[in-house]
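Enquirer: First the structure, then my questions, so here it is.
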Amino acid sequence: MQSETPKKIFSSLLVIILDVNPAQDTLLSGEIKLSSILSSVVAFANSHLMLRTHNKVAVLASDPNSCDFIYSDQDELDFKKKTVSSCKMGGSQYELFSHIDRSIKFNIVKFLRDAAEEPHMSRDTVFGASCAKALCYINRLQSNLLPGETMNSRILIISGCDNEGDKYIRCMNTFFTAQKQNVAIDACSLTHDVTLLKQACYITEGSYFRMPKLEGLLLYLQWIFLTEPSSRKKLVIPLAPQLDFRPFCFCHGTLTAIGFVCSLCLTIYCKISPICTTCEAVFKVRSAIAVKPKKKKTKVTTVNN
């Protein structure tokens with residue numbers, strides 16, 4: 001008798017990085033509340049789980065000082081241990097969806113309470129550290145796959161931050177790592193165009209979109225980011241915006257077309273500096289020394305009478 005070949009299991013992992021920086025323009029202006037954004041993210045995560053039985057989702061909160069998971073596979077394992085049947089219903093809602101809702105709202109309150117104790121709060125969210133933590137999480141789940149199981153992984157960044165020049169090299173290192181691991185990075189900007197996130201989407205072949213209206217956040221998330229990046233070519237979605245390939249300088253955080261680069265750590269400066277502020281390397285600047293012209297000796301001629 002021929003042995004039966006194991007069935008192939010296809011799954012999709014979506015890691016959502018939610019920017020909860022209180023210094024965002026969207027939260028400061030009062031156009032939209034964080035609770036409304038969180039409700040749209042929870043509904044979008046549940047929509048992703050409904051597409052396929054083996055789909056997985058994780059949510060990571062990020063601010064200028066730290067980043068941490070507010071929902072991961074550990075919360076899903078705790079849910080499976082507590083429930084006897086996976087088809088158990090809670091009222092009129094599927095029990096897993098209500099568990100995701102409760103877990104995310106409980107953990108986000110804990111995360112914000114810990115973040116409020118930090119003494120300094122800037123306007124720059126740690127996108128590099130958040131993507132690095134998401135990539136480590138994806139790599140761990142990829143290594144634990146069963147034989148015959150394949151998983152496509154991608155990252156979605158939802159942010160209303162407009163400052164983008166901080167920790168440029170760290171962010172670019174994580175973006176190129178995601179490209180090497182075939183992990184697409186999508187970005188949804190709530191207010192301004194963020195050049196750093198545009199470059200991340202271009203490098204990893206993801207999608208970038210800036211919200212025209214904050215009221216339709218869930219609608220735009222499901223329209224553009226619910227499908228896999230490989231299937232988006234068959235859909236009618238907004239075209240990719242024009243990309244600026246100029247890097248950010250480390251001295252002023254502005255886009256620089258021509259600048260100076262440290263040969264050791266690749267730090268970029270828009271103006272010349274004798275010492276690198278990142279690795280403290282000392283540069284030998286060759287100064288042009290003005291050479292004094294030699295005085296011509298005047299010849300004295302004698303006239304013989």
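Following the order of the structure tokens, chains are lettered A, B, ..., residues in each are numbered from 1, and ligands are numbered from 1.
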Within stretch 142-222 of chain A, find each residue whose DSSP state, derived from the backbone, is helix (DSSP H, G or I), and express the selection as a ChimeraX atom specification.
Expert: /A:142-143,168-180,195-204,214-222
Enquirer: Please return, as a PyMOL selection string, all residues of stretch 188-297 of chain A that DSSP assigns to strand (DSSP E) on the basis of the backbone.
Expert: chain A and resi 188-189+208-210+260-261+268-269
Enquirer: Need the shell around A:Ile275: protein/DNA/RNA residues with any atom at most 12 Å away, counting only C-alpha atoms. Skip same-chain ones fewer than 4 positions apart. Format as a list of chain:residue names?
Expert: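 In the requested form, the answer reads A:Cys251, A:Phe260, A:Val261, A:Cys262, A:Ser263, A:Leu264, A:Thr267, A:Tyr269, A:Lys271, A:Cys279, A:Glu280, A:Ala281, A:Val282, A:Phe283, A:Lys284, A:Val285.
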Enquirer: With a distance cut-off of 7 Å and only C-alpha atoms, select the neighbouring residues of A:Gly206, excluding the residue or stretch itself and same-chain residues fewer than 3 positions from it, and output the selection as a list of chain:residue names.
Expert: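 Near A:Gly206, the qualifying residues are A:Ala184, A:Ile185, A:Asp186, A:Cys201, A:Tyr202, A:Pro229.
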Enquirer: Ranking A:Cys131, A:Leu51, A:Leu239, A:Leu77 by minimum distance to A:Phe10 and counting only C-alpha atoms, which one comes first?
Expert: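 Using only C-alpha atoms, the shortest distance to A:Phe10 belongs to A:Leu51.
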Enquirer: Report as JSON, numbers by chain all protein, DNA and RNA residues lying within 12 Å of A:Ala132, evaluated on only C-alpha atoms, omitting residues in the same chain fewer than 5 positions from it.
Expert: {"A": [15, 17, 60, 62, 67, 68, 126, 127, 137, 138, 139, 155, 170, 171, 172, 173, 174, 175, 176, 177, 178, 181, 183, 185]}
Enquirer: Take atom CA of A:His192 and atom CA of A:His48 and report the distance between them in Å, one decimal.
Expert: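 Computing it gives 26.3 Å between the two atoms.
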Enquirer: Using only C-alpha atoms, pick whichever of A:Asp124, A:Leu96, A:Ile16, A:Glu228 has the shortest atom-to-atom distance to A:Ala187.
Expert: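 Nearest candidate to A:Ala187 out of A:Asp124, A:Leu96, A:Ile16, A:Glu228: A:Ile16.
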Enquirer: Between atom CA of A:Val41 and atom CA of A:Leu218, what is the distance, to one decimal in Å?
Expert: 7.3 Å
Enquirer: Record the distance separating atom CA of A:Tyr71 and atom CA of A:Leu49, expressed in Å with one decimal.
Expert: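 Computing the Euclidean distance for atom CA of A:Tyr71 and atom CA of A:Leu49 yields 13.6 Å.
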Enquirer: Which residue, A:Val109, A:Leu145, A:Ala134, A:Leu196, has the smallest gap to A:Tyr168 when you use only C-alpha atoms?
Expert: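 Between A:Val109, A:Leu145, A:Ala134, A:Leu196, the residue approaching A:Tyr168 most closely is A:Leu196.
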Enquirer: Please list as a ChimeraX atom specification every residue within 7 Å of A:Asn21, counting only C-alpha atoms and excluding residues in the same chain fewer than 5 positions away.
Expert: /A:63-64,125
Enquirer: Considering only C-alpha atoms, state which residue in the set A:Ile32, A:Ile70, A:Cys249, A:Val59 is at the smallest distance from A:Ile157.
Expert: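 Under the stated criterion, the closest residue is A:Val59.
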Enquirer: Looking at A:Ile268, A:Ile224, A:Leu13, A:Leu18, which one is nearest to A:Ile158, with distances taken over only C-alpha atoms?
Expert: A:Leu18
Enquirer: From the set A:Ser35, A:Asn46, A:Thr26, A:Asn144, which residue has the shortest atom-to-atom contact distance to A:Ile100, counting only C-alpha atoms?
Expert: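 Ranking A:Ser35, A:Asn46, A:Thr26, A:Asn144 by distance to A:Ile100, first place goes to A:Asn46.
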